[in-house]
>>> print(open('run12.pdb').read())   # PDB, C-alpha atoms
ATOM      1  CA  MET F   1       0.000   0.000   0.000
ATOM      2  CA  GLU F   2       1.291   3.464  -0.872
ATOM      3  CA  LYS F   3       2.360   5.580   2.090
ATOM      4  CA  PHE F   4       0.242   8.606   2.910
ATOM      5  CA  THR F   5       2.182  11.470   4.438
ATOM      6  CA  VAL F   6       1.266  14.815   2.851
ATOM      7  CA  HIS F   7      -0.815  15.145  -0.292
ATOM      8  CA  THR F   8      -1.676  18.269  -2.238
ATOM      9  CA  GLY F   9      -4.052  18.178  -5.158
ATOM     10  CA  THR F  10      -6.919  19.987  -6.763
ATOM     11  CA  ALA F  11     -10.383  19.136  -5.547
ATOM     12  CA  VAL F  12     -13.832  18.109  -6.649
ATOM     13  CA  PRO F  13     -16.499  19.957  -4.623
ATOM     14  CA  LEU F  14     -19.338  17.446  -4.365
ATOM     15  CA  ARG F  15     -22.270  19.436  -3.014
ATOM     16  CA  ARG F  16     -24.328  16.435  -2.014
ATOM     17  CA  THR F  17     -25.172  14.880   1.327
ATOM     18  CA  ASP F  18     -26.211  11.330   2.254
ATOM     19  CA  VAL F  19     -24.125   9.779  -0.509
ATOM     20  CA  ASP F  20     -24.430   6.027  -0.093
ATOM     21  CA  THR F  21     -22.148   3.402  -1.570
ATOM     22  CA  ASP F  22     -24.685   2.500  -4.269
ATOM     23  CA  GLN F  23     -24.431   6.055  -5.537
ATOM     24  CA  ILE F  24     -20.639   5.925  -5.386
ATOM     25  CA  ILE F  25     -20.655   2.755  -7.510
ATOM     26  CA  PRO F  26     -23.947   1.102  -8.518
ATOM     27  CA  VAL F  27     -24.185  -2.589  -7.740
ATOM     28  CA  ARG F  28     -24.380  -3.597 -11.424
ATOM     29  CA  PHE F  29     -20.688  -2.658 -11.732
ATOM     30  CA  CYS F  30     -19.583  -4.829  -8.816
ATOM     31  CA  ALA F  31     -19.003  -8.084 -10.668
ATOM     32  CA  SER F  32     -15.215  -8.205 -10.813
ATOM     33  CA  THR F  33     -13.099  -9.174  -7.817
ATOM     34  CA  ARG F  34     -10.240  -6.963  -8.944
ATOM     35  CA  ARG F  35      -9.418  -3.743  -7.150
ATOM     36  CA  THR F  36      -8.779  -1.882 -10.370
ATOM     37  CA  GLY F  37     -10.825  -1.045 -13.422
ATOM     38  CA  HIS F  38     -13.656   0.707 -11.575
ATOM     39  CA  ALA F  39     -12.943   4.364 -12.418
ATOM     40  CA  ASP F  40     -15.552   4.567 -15.168
ATOM     41  CA  ALA F  41     -18.217   3.254 -12.792
ATOM     42  CA  LEU F  42     -17.590   5.920 -10.146
ATOM     43  CA  PHE F  43     -20.840   7.879  -9.656
ATOM     44  CA  ALA F  44     -22.013   6.269 -12.919
ATOM     45  CA  ASP F  45     -25.661   7.271 -12.607
ATOM     46  CA  TRP F  46     -24.873  10.871 -11.679
ATOM     47  CA  ARG F  47     -22.320  11.165 -14.469
ATOM     48  CA  ALA F  48     -25.155  10.548 -16.924
ATOM     49  CA  GLU F  49     -26.393  14.011 -15.889
ATOM     50  CA  PRO F  50     -24.906  16.713 -18.150
ATOM     51  CA  GLY F  51     -22.411  18.892 -16.311
ATOM     52  CA  PHE F  52     -21.928  16.642 -13.291
ATOM     53  CA  VAL F  53     -19.040  18.136 -11.361
ATOM     54  CA  LEU F  54     -16.768  15.106 -11.665
ATOM     55  CA  ASP F  55     -16.685  15.346 -15.456
ATOM     56  CA  ARG F  56     -16.161  19.071 -15.825
ATOM     57  CA  PRO F  57     -12.881  19.815 -17.649
ATOM     58  CA  GLU F  58     -11.585  22.019 -14.843
ATOM     59  CA  ARG F  59     -11.770  19.051 -12.446
ATOM     60  CA  ALA F  60      -9.589  16.764 -14.537
ATOM     61  CA  GLY F  61      -6.822  15.250 -12.445
ATOM     62  CA  ALA F  62      -8.379  16.229  -9.113
ATOM     63  CA  SER F  63      -7.331  13.987  -6.233
ATOM     64  CA  VAL F  64      -9.220  15.354  -3.227
ATOM     65  CA  LEU F  65     -12.988  14.929  -2.945
ATOM     66  CA  VAL F  66     -14.831  17.379  -0.703
ATOM     67  CA  ALA F  67     -18.256  15.978   0.120
ATOM     68  CA  GLY F  68     -21.209  16.762   2.335
ATOM     69  CA  GLN F  69     -22.542  15.101   5.466
ATOM     70  CA  ASP F  70     -22.800  11.302   5.628
ATOM     71  CA  PHE F  71     -20.588  10.208   2.756
ATOM     72  CA  GLY F  72     -20.300   6.464   2.197
ATOM     73  CA  THR F  73     -23.350   5.242   4.079
ATOM     74  CA  GLY F  74     -25.302   2.149   3.050
ATOM     75  CA  SER F  75     -23.907  -1.232   2.124
ATOM     76  CA  SER F  76     -20.388  -2.283   2.973
ATOM     77  CA  ARG F  77     -19.139  -2.679  -0.582
ATOM     78  CA  GLU F  78     -15.401  -2.181  -0.796
ATOM     79  CA  TYR F  79     -15.850  -1.363  -4.486
ATOM     80  CA  ALA F  80     -16.799   2.174  -3.442
ATOM     81  CA  VAL F  81     -13.293   2.707  -2.088
ATOM     82  CA  TRP F  82     -11.661   0.997  -5.050
ATOM     83  CA  ALA F  83     -13.615   3.160  -7.532
ATOM     84  CA  LEU F  84     -12.592   6.376  -5.767
ATOM     85  CA  GLN F  85      -8.944   5.311  -5.700
ATOM     86  CA  ASP F  86      -9.049   4.070  -9.259
ATOM     87  CA  PHE F  87     -10.335   7.460 -10.372
ATOM     88  CA  GLY F  88      -7.347   9.081  -8.674
ATOM     89  CA  PHE F  89      -8.640  10.283  -5.327
ATOM     90  CA  ARG F  90      -6.169  10.094  -2.435
ATOM     91  CA  ALA F  91      -8.387  11.719   0.199
ATOM     92  CA  VAL F  92     -12.035  12.479   0.914
ATOM     93  CA  VAL F  93     -12.962  15.355   3.210
ATOM     94  CA  ALA F  94     -16.451  15.424   4.739
ATOM     95  CA  PRO F  95     -18.242  16.252   8.000
ATOM     96  CA  ARG F  96     -19.197  12.616   8.602
ATOM     97  CA  PHE F  97     -18.731   9.209   6.966
ATOM     98  CA  GLY F  98     -20.469   5.872   7.035
ATOM     99  CA  ASP F  99     -18.546   3.777   9.570
ATOM    100  CA  ILE F 100     -17.950   0.722   7.379
ATOM    101  CA  PHE F 101     -16.981   2.818   4.360
ATOM    102  CA  ARG F 102     -14.492   4.751   6.468
ATOM    103  CA  GLY F 103     -12.984   1.548   7.827
ATOM    104  CA  ASN F 104     -12.629   0.132   4.319
ATOM    105  CA  ALA F 105     -11.131   3.376   3.036
ATOM    106  CA  LEU F 106      -8.513   3.642   5.745
ATOM    107  CA  MET F 107      -7.592  -0.024   5.372
ATOM    108  CA  ASN F 108      -7.019   0.537   1.627
ATOM    109  CA  GLY F 109      -5.013   3.751   1.973
ATOM    110  CA  LEU F 110      -7.754   6.252   1.049
ATOM    111  CA  LEU F 111      -7.572   8.920   3.749
ATOM    112  CA  THR F 112     -10.962  10.058   5.030
ATOM    113  CA  VAL F 113     -10.848  13.319   6.950
ATOM    114  CA  VAL F 114     -13.638  14.549   9.197
ATOM    115  CA  VAL F 115     -13.944  18.326   9.450
ATOM    116  CA  PRO F 116     -16.817  20.593  10.545
ATOM    117  CA  THR F 117     -19.568  21.402   8.053
ATOM    118  CA  GLU F 118     -18.541  25.054   7.890
ATOM    119  CA  VAL F 119     -15.036  24.020   6.824
ATOM    120  CA  VAL F 120     -16.453  21.864   4.022
ATOM    121  CA  GLU F 121     -18.610  24.794   2.907
ATOM    122  CA  ARG F 122     -15.518  27.046   2.878
ATOM    123  CA  LEU F 123     -13.578  24.465   0.866
ATOM    124  CA  TRP F 124     -16.459  24.302  -1.606
ATOM    125  CA  GLU F 125     -16.341  28.086  -2.003
ATOM    126  CA  LEU F 126     -12.575  28.182  -2.428
ATOM    127  CA  THR F 127     -12.370  25.332  -4.916
ATOM    128  CA  GLU F 128     -15.375  26.522  -6.923
ATOM    129  CA  GLY F 129     -13.905  30.023  -7.020
ATOM    130  CA  ASP F 130     -10.603  28.721  -8.354
ATOM    131  CA  PRO F 131     -10.521  25.114  -9.591
ATOM    132  CA  ARG F 132      -6.711  25.296  -9.679
ATOM    133  CA  VAL F 133      -6.355  25.961  -5.961
ATOM    134  CA  GLY F 134      -4.618  23.139  -4.113
ATOM    135  CA  VAL F 135      -6.011  21.368  -1.083
ATOM    136  CA  THR F 136      -3.342  19.894   1.157
ATOM    137  CA  VAL F 137      -4.157  16.939   3.373
ATOM    138  CA  ASP F 138      -1.283  16.611   5.822
ATOM    139  CA  LEU F 139      -1.418  13.389   7.805
ATOM    140  CA  GLU F 140       1.877  14.110   9.544
ATOM    141  CA  ARG F 141       0.567  17.361  11.023
ATOM    142  CA  ARG F 142      -3.093  16.257  10.936
ATOM    143  CA  GLU F 143      -4.180  19.350   9.044
ATOM    144  CA  VAL F 144      -6.172  20.305   5.981
ATOM    145  CA  ARG F 145      -4.907  23.479   4.325
ATOM    146  CA  CYS F 146      -6.268  25.507   1.435
ATOM    147  CA  ALA F 147      -5.707  29.173   0.524
ATOM    148  CA  GLY F 148      -5.119  30.362   4.070
ATOM    149  CA  LEU F 149      -7.590  27.957   5.661
ATOM    150  CA  VAL F 150      -5.993  25.630   8.187
ATOM    151  CA  GLN F 151      -8.130  22.984   9.870
ATOM    152  CA  ALA F 152      -6.835  20.355  12.285
ATOM    153  CA  PHE F 153      -8.367  16.891  12.242
ATOM    154  CA  ASP F 154      -8.322  13.841  14.503
ATOM    155  CA  ILE F 155      -7.471  10.318  13.462
ATOM    156  CA  ASP F 156      -6.922   7.122  15.388
ATOM    157  CA  PRO F 157      -3.185   6.972  16.234
ATOM    158  CA  ASP F 158      -2.842   3.357  15.112
ATOM    159  CA  VAL F 159      -4.550   4.065  11.780
ATOM    160  CA  ARG F 160      -2.315   7.098  11.297
ATOM    161  CA  ARG F 161       0.775   4.973  12.003
ATOM    162  CA  ARG F 162      -0.282   2.373   9.433
ATOM    163  CA  LEU F 163      -1.030   4.950   6.740
ATOM    164  CA  LEU F 164       2.231   6.796   7.298
ATOM    165  CA  GLY F 165       4.061   3.485   6.986
ATOM    166  CA  GLY F 166       2.049   2.282   3.978
ATOM    167  CA  LEU F 167       0.875  -0.789   5.861
ATOM    168  CA  ASP F 168      -2.431  -2.535   5.300
ATOM    169  CA  GLY F 169      -3.649  -5.071   7.870
ATOM    170  CA  ILE F 170      -1.694  -7.970   6.389
ATOM    171  CA  ALA F 171       1.551  -6.030   6.011
ATOM    172  CA  ASP F 172       1.158  -4.739   9.557
ATOM    173  CA  THR F 173       0.781  -8.295  10.888
ATOM    174  CA  LEU F 174       3.729  -9.573   8.858
ATOM    175  CA  ARG F 175       6.002  -7.157  10.717
ATOM    176  CA  TYR F 176       5.680  -9.662  13.560
ATOM    177  CA  GLU F 177       6.272 -12.743  11.431
ATOM    178  CA  ALA F 178       9.399 -13.782  13.361
ATOM    179  CA  ASP F 179       7.594 -13.413  16.685
ATOM    180  CA  ILE F 180       4.662 -15.453  15.384
ATOM    181  CA  ALA F 181       7.015 -18.191  14.159
ATOM    182  CA  ARG F 182       8.818 -18.225  17.502
ATOM    183  CA  TYR F 183       5.524 -18.535  19.367
ATOM    184  CA  GLU F 184       4.312 -21.329  17.089
ATOM    185  CA  ALA F 185       7.602 -23.205  17.528
ATOM    186  CA  GLY F 186       7.157 -23.154  21.290
ATOM    187  CA  ARG F 187       3.650 -24.546  21.332
ATOM    188  CA  ARG F 188       2.901 -28.158  22.214
ATOM    189  CA  PRO F 189       3.009 -30.256  19.028
ATOM    190  CA  ALA F 190      -0.432 -31.726  19.707
ATOM    191  CA  LEU F 191      -2.135 -28.322  19.364
ATOM    192  CA  PRO F 192      -3.569 -27.460  15.924
ATOM    193  CA  VAL F 193      -1.575 -25.100  13.697
ATOM    194  CA  THR F 194      -3.029 -22.695  11.187
ATOM    195  CA  GLY F 195      -2.932 -24.224   7.721
ATOM    196  CA  THR F 196      -2.606 -27.793   8.964
ATOM    197  CA  PRO F 197      -5.641 -30.042   8.326
ATOM    198  CA  VAL F 198      -7.230 -31.351  11.498
ATOM    199  CA  THR F 199      -7.826 -35.103  11.459
ATOM    200  CA  VAL F 200     -10.991 -36.144  13.214
ATOM    201  CA  ALA F 201     -11.183 -39.748  14.433
ATOM    202  CA  SER F 202     -14.244 -41.605  13.159
TER     203      SER F 202
END
>>> encode(input="run12.pdb", output="structure tokens")
Amino acid sequence: MEKFTVHTGTAVPLRRTDVDTDQIIPVRFCASTRRTGHADALFADWRAEPGFVLDRPERAGASVLVAGQDFGTGSSREYAVWALQDFGFRAVVAPRFGDIFRGNALMNGLLTVVVPTEVVERLWELTEGDPRVGVTVDLERREVRCAGLVQAFDIDPDVRRRLLGGLDGIADTLRYEADIARYEAGRRPALPVTGTPVTVAS
């Protein structure tokens, strides 16, 4: 997983609230088990509307999504995170997220940042006023910065550590591989071991 330290990019101001995962990527696009190839399906139904903000030329290459209250509610589909990342987003800023979506996002390296509603509204104004303005999401300092606006944010210290190190759950566990092997070697041989078939007497 790519490390997240400090990211600056242009933004997409998504002036919508209660965005559920079926709106982020409709279920009909969730057939593949791959993590990539979902960019075209991102907000597919809304992108059929002429002028939808994501497809405006001035938003090309944007990597920070600024959304309204309750982003990522609904079903637990991980495709929603994959589609956002596949499109090029590195961070989503919103006043509140669906819990499962946020967990999936942080586990996959997509930083979700909770800031007050008035800060989101200010970011919308700034990025609509000048689409070229950069939004910086600084995980090291736990700040969002944009054109003089500086907003601190909280994040679980363990999640922050993993993101800074570029570690997903598996990579984080494998850091202790030698300790796990040492523990397994010291166990009584009669105890079951992960990966070893258990024989049941008939």
>>> closest_residue(input="run12.pdb", among="F:Ala62, F:Ile170, F:Ala67, F:Leu139", to="Val19 (chain F)", atoms="only C-alpha atoms")
F:Ala67
>>> closest_residue(input="run12.pdb", among="F:Ala11, F:Val6, F:Ala31, F:Leu167", to="Asp138 (chain F)", atoms="all atoms listed in the file")
F:Val6
>>> residues_around(input="run12.pdb", residues="region 114-127 of chain F", least_positions_apart="5", cutoff="12 Å", atoms="all atoms listed in the file", output="VMD selection string")
chain F and resid 9 to 17 53 58 to 59 62 64 to 71 91 to 99 102 132 to 137 142 to 156
>>> resolve_selection(input="run12.pdb", expression="the PyMOL selection byres ((chain F and resi 74-82) around 12)", output="number ranges by chain")
F: 18-44, 70-73, 83-92, 97-112
>>> atom_distance(input="run12.pdb", atom1="CA of Pro192 (chain F)", atom2="CA of Asp168 (chain F)")
27.1 Å
>>> resolve_selection(input="run12.pdb", expression="the PyMOL selection byres ((chain F and resi 2-5) around 6)", output="PyMOL selection string")
chain F and resi 1+6+139-140+163-166
>>> write_last_selection(input="run12.pdb", atoms="C-alpha atoms", output="tab-separated table (two decimals), keeping the file's coordinate frame")
chain	number	residue	atom	x	y	z
F	1	MET	CA	0.00	0.00	0.00
F	6	VAL	CA	1.27	14.82	2.85
F	139	LEU	CA	-1.42	13.39	7.80
F	140	GLU	CA	1.88	14.11	9.54
F	163	LEU	CA	-1.03	4.95	6.74
F	164	LEU	CA	2.23	6.80	7.30
F	165	GLY	CA	4.06	3.48	6.99
F	166	GLY	CA	2.05	2.28	3.98
>>> atom_distance(input="run12.pdb", atom1="CA of Asp158 (chain F)", atom2="CA of Asp179 (chain F)")
19.8 Å
>>> axis_aligned_box(input="run12.pdb", around="region 69-86 of chain F", padding_each_side="4 Å", output="JSON")
{"center_x": -17.1, "center_y": 6.2, "center_z": -1.8, "size_x": 24.4, "size_y": 25.8, "size_z": 22.9}
>>> atom_distance(input="run12.pdb", atom1="CA of Arg187 (chain F)", atom2="CA of Arg175 (chain F)")
20.5 Å
>>> build_atoms(input="run12.pdb", residues="region 124-156 of chain F", atoms="N, CA and C atoms", output="CSV table (one decimal), keeping the file's coordinate frame")
chain,number,residue,atom,x,y,z
F,124,TRP,N,-15.7,24.2,-0.4
F,124,TRP,CA,-16.5,24.3,-1.6
F,124,TRP,C,-16.3,25.7,-2.3
F,125,GLU,N,-16.4,26.7,-1.5
F,125,GLU,CA,-16.3,28.1,-2.0
F,125,GLU,C,-15.0,28.3,-2.6
F,126,LEU,N,-13.9,27.9,-1.9
F,126,LEU,CA,-12.6,28.2,-2.4
F,126,LEU,C,-12.3,27.4,-3.7
F,127,THR,N,-12.7,26.2,-3.7
F,127,THR,CA,-12.4,25.3,-4.9
F,127,THR,C,-13.3,25.6,-6.1
F,128,GLU,N,-14.5,26.1,-5.8
F,128,GLU,CA,-15.4,26.5,-6.9
F,128,GLU,C,-14.9,27.9,-7.5
F,129,GLY,N,-14.4,28.7,-6.6
F,129,GLY,CA,-13.9,30.0,-7.0
F,129,GLY,C,-12.7,29.9,-7.9
F,130,ASP,N,-11.8,28.9,-7.6
F,130,ASP,CA,-10.6,28.7,-8.4
F,130,ASP,C,-10.3,27.2,-8.4
F,131,PRO,N,-10.7,26.6,-9.5
F,131,PRO,CA,-10.5,25.1,-9.6
F,131,PRO,C,-9.1,24.7,-9.5
F,132,ARG,N,-8.1,25.6,-9.7
F,132,ARG,CA,-6.7,25.3,-9.7
F,132,ARG,C,-6.1,25.3,-8.3
F,133,VAL,N,-6.9,25.8,-7.3
F,133,VAL,CA,-6.4,26.0,-6.0
F,133,VAL,C,-6.1,24.6,-5.4
F,134,GLY,N,-5.0,24.4,-4.7
F,134,GLY,CA,-4.6,23.1,-4.1
F,134,GLY,C,-5.2,23.0,-2.7
F,135,VAL,N,-5.6,21.8,-2.4
F,135,VAL,CA,-6.0,21.4,-1.1
F,135,VAL,C,-4.9,20.4,-0.6
F,136,THR,N,-4.4,20.7,0.6
F,136,THR,CA,-3.3,19.9,1.2
F,136,THR,C,-3.9,19.1,2.3
F,137,VAL,N,-3.7,17.8,2.3
F,137,VAL,CA,-4.2,16.9,3.4
F,137,VAL,C,-2.9,16.4,4.0
F,138,ASP,N,-2.6,16.9,5.2
F,138,ASP,CA,-1.3,16.6,5.8
F,138,ASP,C,-1.5,15.7,7.0
F,139,LEU,N,-1.2,14.4,6.7
F,139,LEU,CA,-1.4,13.4,7.8
F,139,LEU,C,-0.4,13.5,8.9
F,140,GLU,N,0.8,14.0,8.5
F,140,GLU,CA,1.9,14.1,9.5
F,140,GLU,C,1.5,15.2,10.6
F,141,ARG,N,1.0,16.3,10.1
F,141,ARG,CA,0.6,17.4,11.0
F,141,ARG,C,-0.9,17.3,11.4
F,142,ARG,N,-1.6,16.4,10.7
F,142,ARG,CA,-3.1,16.3,10.9
F,142,ARG,C,-3.8,17.6,10.7
F,143,GLU,N,-3.6,18.1,9.5
F,143,GLU,CA,-4.2,19.4,9.0
F,143,GLU,C,-4.7,19.3,7.6
F,144,VAL,N,-5.7,20.0,7.4
F,144,VAL,CA,-6.2,20.3,6.0
F,144,VAL,C,-5.9,21.8,5.8
F,145,ARG,N,-5.2,22.1,4.6
F,145,ARG,CA,-4.9,23.5,4.3
F,145,ARG,C,-5.3,23.8,2.9
F,146,CYS,N,-5.8,25.0,2.8
F,146,CYS,CA,-6.3,25.5,1.4
F,146,CYS,C,-6.4,27.0,1.5
F,147,ALA,N,-5.6,27.7,0.7
F,147,ALA,CA,-5.7,29.2,0.5
F,147,ALA,C,-5.9,29.9,1.8
F,148,GLY,N,-5.0,29.7,2.8
F,148,GLY,CA,-5.1,30.4,4.1
F,148,GLY,C,-6.0,29.7,5.1
F,149,LEU,N,-6.8,28.7,4.7
F,149,LEU,CA,-7.6,28.0,5.7
F,149,LEU,C,-6.7,26.8,6.2
F,150,VAL,N,-6.7,26.7,7.5
F,150,VAL,CA,-6.0,25.6,8.2
F,150,VAL,C,-7.0,25.0,9.2
F,151,GLN,N,-7.2,23.7,9.0
F,151,GLN,CA,-8.1,23.0,9.9
F,151,GLN,C,-7.5,21.7,10.4
F,152,ALA,N,-7.4,21.6,11.7
F,152,ALA,CA,-6.8,20.4,12.3
F,152,ALA,C,-7.9,19.3,12.2
F,153,PHE,N,-7.4,18.0,12.2
F,153,PHE,CA,-8.4,16.9,12.2
F,153,PHE,C,-7.8,15.8,13.1
F,154,ASP,N,-8.7,15.0,13.7
F,154,ASP,CA,-8.3,13.8,14.5
F,154,ASP,C,-8.3,12.6,13.7
F,155,ILE,N,-7.5,11.6,14.1
F,155,ILE,CA,-7.5,10.3,13.5
F,155,ILE,C,-6.9,9.4,14.5
F,156,ASP,N,-7.4,8.1,14.5
F,156,ASP,CA,-6.9,7.1,15.4
F,156,ASP,C,-5.4,7.0,15.2
